[in-house]
file run.cif (mmCIF, C-alpha atoms)
data_coords
loop_
_atom_site.label_atom_id
_atom_site.label_comp_id
_atom_site.auth_asym_id
_atom_site.auth_seq_id
_atom_site.Cartn_x
_atom_site.Cartn_y
_atom_site.Cartn_z
CA MET A 1 0.00 0.00 0.00
CA GLY A 2 1.39 3.36 -1.02
CA ALA A 3 2.06 6.22 1.33
CA PHE A 4 -0.73 8.27 -0.24
CA ARG A 5 -3.25 5.45 0.33
CA LEU A 6 -2.16 5.11 3.97
CA GLN A 7 -2.47 8.88 4.51
CA ALA A 8 -5.99 8.81 3.06
CA LEU A 9 -6.90 5.88 5.31
CA VAL A 10 -5.65 7.67 8.43
CA ALA A 11 -7.42 10.90 7.37
CA ASN A 12 -10.72 9.02 6.92
CA THR A 13 -10.25 7.38 10.31
CA LYS A 14 -9.67 10.78 11.93
CA GLN A 15 -12.91 12.07 10.37
CA LEU A 16 -14.73 9.04 11.77
CA ILE A 17 -13.20 9.75 15.19
CA LYS A 18 -14.41 13.37 15.15
CA HIS A 19 -17.90 12.30 14.13
CA ASN A 20 -18.11 9.52 16.72
CA ASN A 21 -16.66 11.57 19.57
CA LYS A 22 -19.56 13.98 19.24
CA HIS A 23 -21.89 11.08 20.02
CA GLN A 24 -19.77 9.22 22.58
CA ARG A 25 -19.29 11.44 25.57
CA ASP A 26 -17.63 8.70 27.62
CA VAL A 27 -14.58 8.52 25.31
CA PRO A 28 -11.86 10.78 26.71
CA LYS A 29 -10.11 13.26 24.47
CA GLY A 30 -7.18 11.60 22.74
CA TYR A 31 -8.86 8.19 22.64
CA LEU A 32 -10.97 6.20 20.21
CA ALA A 33 -13.71 3.63 20.80
CA VAL A 34 -13.24 0.45 18.77
CA TYR A 35 -15.34 -2.69 18.61
CA VAL A 36 -13.40 -5.92 18.31
CA GLY A 37 -14.54 -9.48 17.81
CA GLU A 38 -15.66 -11.84 15.12
CA ILE A 39 -19.17 -12.61 16.34
CA GLN A 40 -19.68 -10.91 19.69
CA ARG A 41 -18.03 -7.49 19.61
CA LYS A 42 -16.41 -6.00 22.69
CA ARG A 43 -15.79 -2.28 23.06
CA PHE A 44 -12.28 -1.03 23.77
CA VAL A 45 -11.15 2.56 24.25
CA VAL A 46 -7.65 2.97 22.83
CA PRO A 47 -5.29 5.95 22.58
CA LEU A 48 -5.08 7.81 19.27
CA SER A 49 -1.33 7.13 19.31
CA TYR A 50 -2.25 3.64 18.05
CA LEU A 51 -2.87 5.26 14.64
CA ASP A 52 0.93 5.52 14.31
CA GLN A 53 1.46 1.81 15.00
CA PRO A 54 1.98 -0.47 11.97
CA PHE A 55 -0.20 -3.23 13.47
CA PHE A 56 -3.08 -0.80 13.98
CA GLN A 57 -2.69 0.61 10.48
CA ASP A 58 -3.00 -2.95 9.17
CA LEU A 59 -6.18 -3.42 11.21
CA LEU A 60 -7.52 -0.15 9.76
CA ARG A 61 -6.89 -1.44 6.24
CA ARG A 62 -8.70 -4.66 7.04
CA SER A 63 -11.55 -2.70 8.59
CA GLU A 64 -11.87 -0.52 5.51
CA GLU A 65 -11.87 -3.58 3.24
CA GLU A 66 -14.56 -5.32 5.25
CA TYR A 67 -16.78 -2.45 6.39
CA GLY A 68 -15.75 0.64 4.45
CA PHE A 69 -16.25 3.61 6.74
CA ASN A 70 -19.79 2.74 7.73
CA HIS A 71 -19.57 1.60 11.36
CA PRO A 72 -23.07 1.24 12.80
CA MET A 73 -21.77 0.32 16.27
CA GLY A 74 -20.83 3.98 16.85
CA GLY A 75 -17.11 3.31 16.90
CA LEU A 76 -14.60 1.78 14.58
CA THR A 77 -15.26 -1.93 14.02
CA ILE A 78 -12.08 -4.00 13.84
CA PRO A 79 -12.24 -7.41 12.09
CA CYS A 80 -9.99 -9.22 14.54
CA CYS A 81 -10.55 -11.75 17.30
CA GLU A 82 -10.55 -10.22 20.76
CA GLU A 83 -7.64 -12.33 22.04
CA ALA A 84 -5.36 -11.24 19.17
CA PHE A 85 -6.30 -7.58 19.67
CA VAL A 86 -5.54 -7.75 23.40
CA ARG A 87 -2.22 -9.48 22.70
CA LEU A 88 -1.24 -6.82 20.15
CA THR A 89 -2.20 -3.88 22.35
CA THR A 90 -0.40 -5.44 25.32
CA GLN A 91 2.79 -5.59 23.25
CA ILE A 92 2.58 -1.85 22.63
CA HIS A 93 2.35 -1.12 26.36
CA VAL A 94 5.40 -3.26 27.22
CA SER A 95 7.54 -2.05 24.30
CA PRO A 96 9.94 0.79 25.14
#
call {"tool": "encode", "arguments": {"input": "run.cif", "output": "C-alpha cells"}}
result
Amino acid sequence: MGAFRLQALVANTKQLIKHNNKHQRDVPKGYLAVYVGEIQRKRFVVPLSYLDQPFFQDLLRRSEEEYGFNHPMGGLTIPCCEEAFVRLTTQIHVSP
C-alpha cells in the first residue's frame, strides 16, 4: 500500500473519530472507541497514538476492506478476534 493510500486511510479514520466523539461522551479526548470481535463485539477505548502503530494501520486497512467507513456500532469496528487484539495492544504497552 502506497504512502498516499495510507495517509488517506488515516485521514478518513480521523474524520470518523471526530464524528463519533460527538456522540460518545464517555470517550476521553485523545482516545478512540473500537469494537473488536468476530461474532460478539467488545468495546475497547484505545489511545489515538495507536494510529501511528503499523499493526493498527494494518487493522484499519482490514476494517476498511470489510466495512468501508460505515460503522453502525458507533465506533470503529475492527475485524480481529478479541484475544489477538488484546495481545497486540499489550505488546505496545510493554515495548519501550
call {"tool": "closest_residue", "arguments": {"input": "run.cif", "among": "A:Glu38, A:Val46, A:Val27, A:Thr90", "to": "Glu66 of chain A", "atoms": "all atoms listed in the file"}}
result
A:Glu38
call {"tool": "atom_distance", "arguments": {"input": "run.cif", "atom1": "atom CA of Asp52 of chain A", "atom2": "atom CA of Gln40 of chain A"}}
result
26.9 Å
call {"tool": "resolve_selection", "arguments": {"input": "run.cif", "expression": "the PyMOL selection byres ((chain A and resi 48) around 8)", "output": "list in words"}}
result
Gly30, Tyr31, Leu32, Val46, Pro47, Ser49, Tyr50 and Leu51 of chain A
call {"tool": "write_last_selection", "arguments": {"input": "run.cif", "atoms": "C-alpha atoms", "output": "PDB file, keeping the file's coordinate frame"}}
result
ATOM      1  CA  GLY A  30      -7.180  11.600  22.740  1.00  0.00           C
ATOM      2  CA  TYR A  31      -8.860   8.190  22.640  1.00  0.00           C
ATOM      3  CA  LEU A  32     -10.970   6.200  20.210  1.00  0.00           C
ATOM      4  CA  VAL A  46      -7.650   2.970  22.830  1.00  0.00           C
ATOM      5  CA  PRO A  47      -5.290   5.950  22.580  1.00  0.00           C
ATOM      6  CA  SER A  49      -1.330   7.130  19.310  1.00  0.00           C
ATOM      7  CA  TYR A  50      -2.250   3.640  18.050  1.00  0.00           C
ATOM      8  CA  LEU A  51      -2.870   5.260  14.640  1.00  0.00           C
TER       9      LEU A  51
END
call {"tool": "closest_residue", "arguments": {"input": "run.cif", "among": "A:Phe44, A:Leu59, A:Tyr67, A:Ile92", "to": "Asp26 of chain A", "atoms": "only C-alpha atoms"}}
result
A:Phe44
call {"tool": "closest_residue", "arguments": {"input": "run.cif", "among": "A:Leu60, A:Val36, A:Phe55, A:Arg41", "to": "Cys80 of chain A", "atoms": "all atoms listed in the file"}}
result
A:Val36
call {"tool": "residues_around", "arguments": {"input": "run.cif", "residues": "Gly37 of chain A", "least_positions_apart": "4", "cutoff": "8 Å", "atoms": "only C-alpha atoms", "output": "PyMOL selection string"}}
result
chain A and resi 41-42+78-82
call {"tool": "atom_distance", "arguments": {"input": "run.cif", "atom1": "atom CA of Gly75 of chain A", "atom2": "atom CA of Val34 of chain A"}}
result
5.2 Å
